[in-house]
Amino acid sequence: MDLLTRVLELKKALKIEERQQELSILQARLLDEATWKDHKLSAELSTTVARLECQIADFTDLYELAQIADESDYEGLLKKVDQLEQYAYLNGKYDPENAILGLYAGAGGVDAQDWAEMLLRMYLRFLESEKYSVEIVEKTLGSEAGIKNATLLIRGDWAYGRLRSEAGVHRLVRQSPFNSKNLRQTSFAMVEVIPEIKNDLEVKIDDKDLKIDVFRASGHGGQSVNTTDSAVRITHIPTGINVVCQNQRSQMQNRETALKILKSRLYNLLERQHKASILELKGDNVANEWGSQIRSYIIHPYKLVKDHRTDFESTDPEGVLSGKIEGFIDAYLKQKITSESGNDATN
């Protein structure tokens with residue numbers, strides 16, 4: 001397939017004409033006086049407009065270059081096509097938004113807590129390499145090693161869309177460093193990925209449904225250093241969902257961040273309940289998240305990382321655990337859009 005043909009196919013996949021129409025509508029809304037009186041709405045629309053303008057401009061530049069390119073330019077332009085294809089995969093409602101990533105040690109005792117911390121390091125290194133801004137909202141240390149859980153607030157374009165591939169159970173097989181006989185150990189950790197919900201209209205919370213606790217937690221200096229009474233736990237009484245935020249020195253800042261994460265988790269719960277009810281009407285069974293591992297990381301007796309949804313593999317687990325997870329993310333996104341296209345064709 002030649003370069004120009006790929007670019008024209010990319011135009012269809014990106015739905016450039018639809019994006020141009022959407023951009024025109026939003027630009028007209030921004031000129032409306034009523035929009036500018038609503039500062040929050042105007043800020044959200046401005047962000048969306050800027051994102052669409054960037055996507056359309058990137059494709060337009062590529063299309064113009066493809067029309068005049070010679071063979072010596074093809075390799076660089078094909079890489080640009082690969083990069084822009086990600087816009088086609090990231091077509092979900094909340095894909096452009098910030099992400100909240102939760103890590104929870106599962107079955108496996110100390111090994112599982114150590115495994116959760118290994119995953120935390122993997123994501124932090126990946127996010128650093130991708131220039132995302134990361135805030136560790138909460139981290140609970142394990143009893144002997146590792147962590148019991150952690151929550152990250154990740155800011156940057158397409159954070160949720162790119163990281164949603166990571167949600168699910170991650171399985172590690174290795175020789176245990178916590179066993180004197182170095183026996184083979186299987187450990188599990190759960191990764192939760194949800195979008196940050198910025199629009200208060202999406203989730204409304206009654207103050208009487210909240211229980212807010214303030215407690216003592218160490219500050220940025222580490223355990224027992226800069227200890228303050230600023231940590232906040234907010235519990236949503238009807239659902240039992242609770243969020244802890246202890247990263248900020250200000251109690252008010254911790255409260256605002258915790259409430260933001262709580263709203264996002266409640267919205268995620270409502271979305272999952274809605275999907276479950278649809279599946280029930282269709283006669284399908286809803287999968288148990290903890291029982292459906294998405295990826296295995298095998299360090300012993302051989303080296304392999306395999307995603308069970310896409311069959312994408314790497315024989316370099318050390319590299320993957322150092323943050324090289326782009327291949328797994330891309331394979332998931334490509335499979336998703338292929339699956340959606342297939343469903344559209346049959347409907």
# chains A, B, ... in the order shown; residues from 1 in each chain; ligands from 1

call {"tool": "closest_atom_pairs", "arguments": {"of": "range 36-58 of chain A", "to": "range 96-120 of chain A", "cutoff": "12 Å", "atoms": "only C-alpha atoms", "output": "Markdown table"}}
result
| residue | atom | partner | partner_atom | distance |
| --- | --- | --- | --- | --- |
| A:Glu44 | CA | A:Glu97 | CA | 10.9 |
| A:Thr47 | CA | A:Pro96 | CA | 10.1 |
| A:Thr48 | CA | A:Pro96 | CA | 8.9 |
| A:Ala50 | CA | A:Pro96 | CA | 11.9 |
| A:Arg51 | CA | A:Pro96 | CA | 8.8 |
| A:Leu52 | CA | A:Pro96 | CA | 10.8 |

call {"tool": "write_last_selection", "arguments": {"atoms": "C-alpha atoms", "output": "CSV table (one decimal), in the first residue's frame"}}
result
chain,number,residue,atom,x,y,z
A,44,GLU,CA,-13.9,23.2,28.6
A,47,THR,CA,-9.8,22.9,25.5
A,48,THR,CA,-11.9,20.7,23.1
A,50,ALA,CA,-7.7,23.4,20.7
A,51,ARG,CA,-7.6,19.6,20.7
A,52,LEU,CA,-9.6,19.3,17.5

call {"tool": "select_by_dssp", "arguments": {"residues": "range 81-299 of chain A", "states": "strand (DSSP E or B)", "output": "number ranges by chain"}}
result
A: 99-105, 133-141, 147-155, 168-175, 184-195, 210-217, 228-236, 241-245, 293-298

call {"tool": "closest_residue", "arguments": {"among": "A:Glu128, A:Asp206, A:Asp38, A:Glu9", "to": "Pro238 in chain A", "atoms": "only C-alpha atoms"}}
result
A:Asp206

call {"tool": "closest_atom_pairs", "arguments": {"of": "range 149-244 of chain A", "to": "range 300-323 of chain A", "cutoff": "8 Å", "atoms": "only C-alpha atoms", "output": "Markdown table"}}
result
| residue | atom | partner | partner_atom | distance |
| --- | --- | --- | --- | --- |
| A:Val173 | CA | A:His300 | CA | 6.3 |
| A:Arg174 | CA | A:His300 | CA | 4.7 |
| A:Gln175 | CA | A:His300 | CA | 6.3 |
| A:Arg184 | CA | A:His300 | CA | 7.3 |

call {"tool": "closest_residue", "arguments": {"among": "A:Arg155, A:Lys139, A:Arg249, A:Lys15", "to": "Pro195 in chain A", "atoms": "only C-alpha atoms"}}
result
A:Arg155
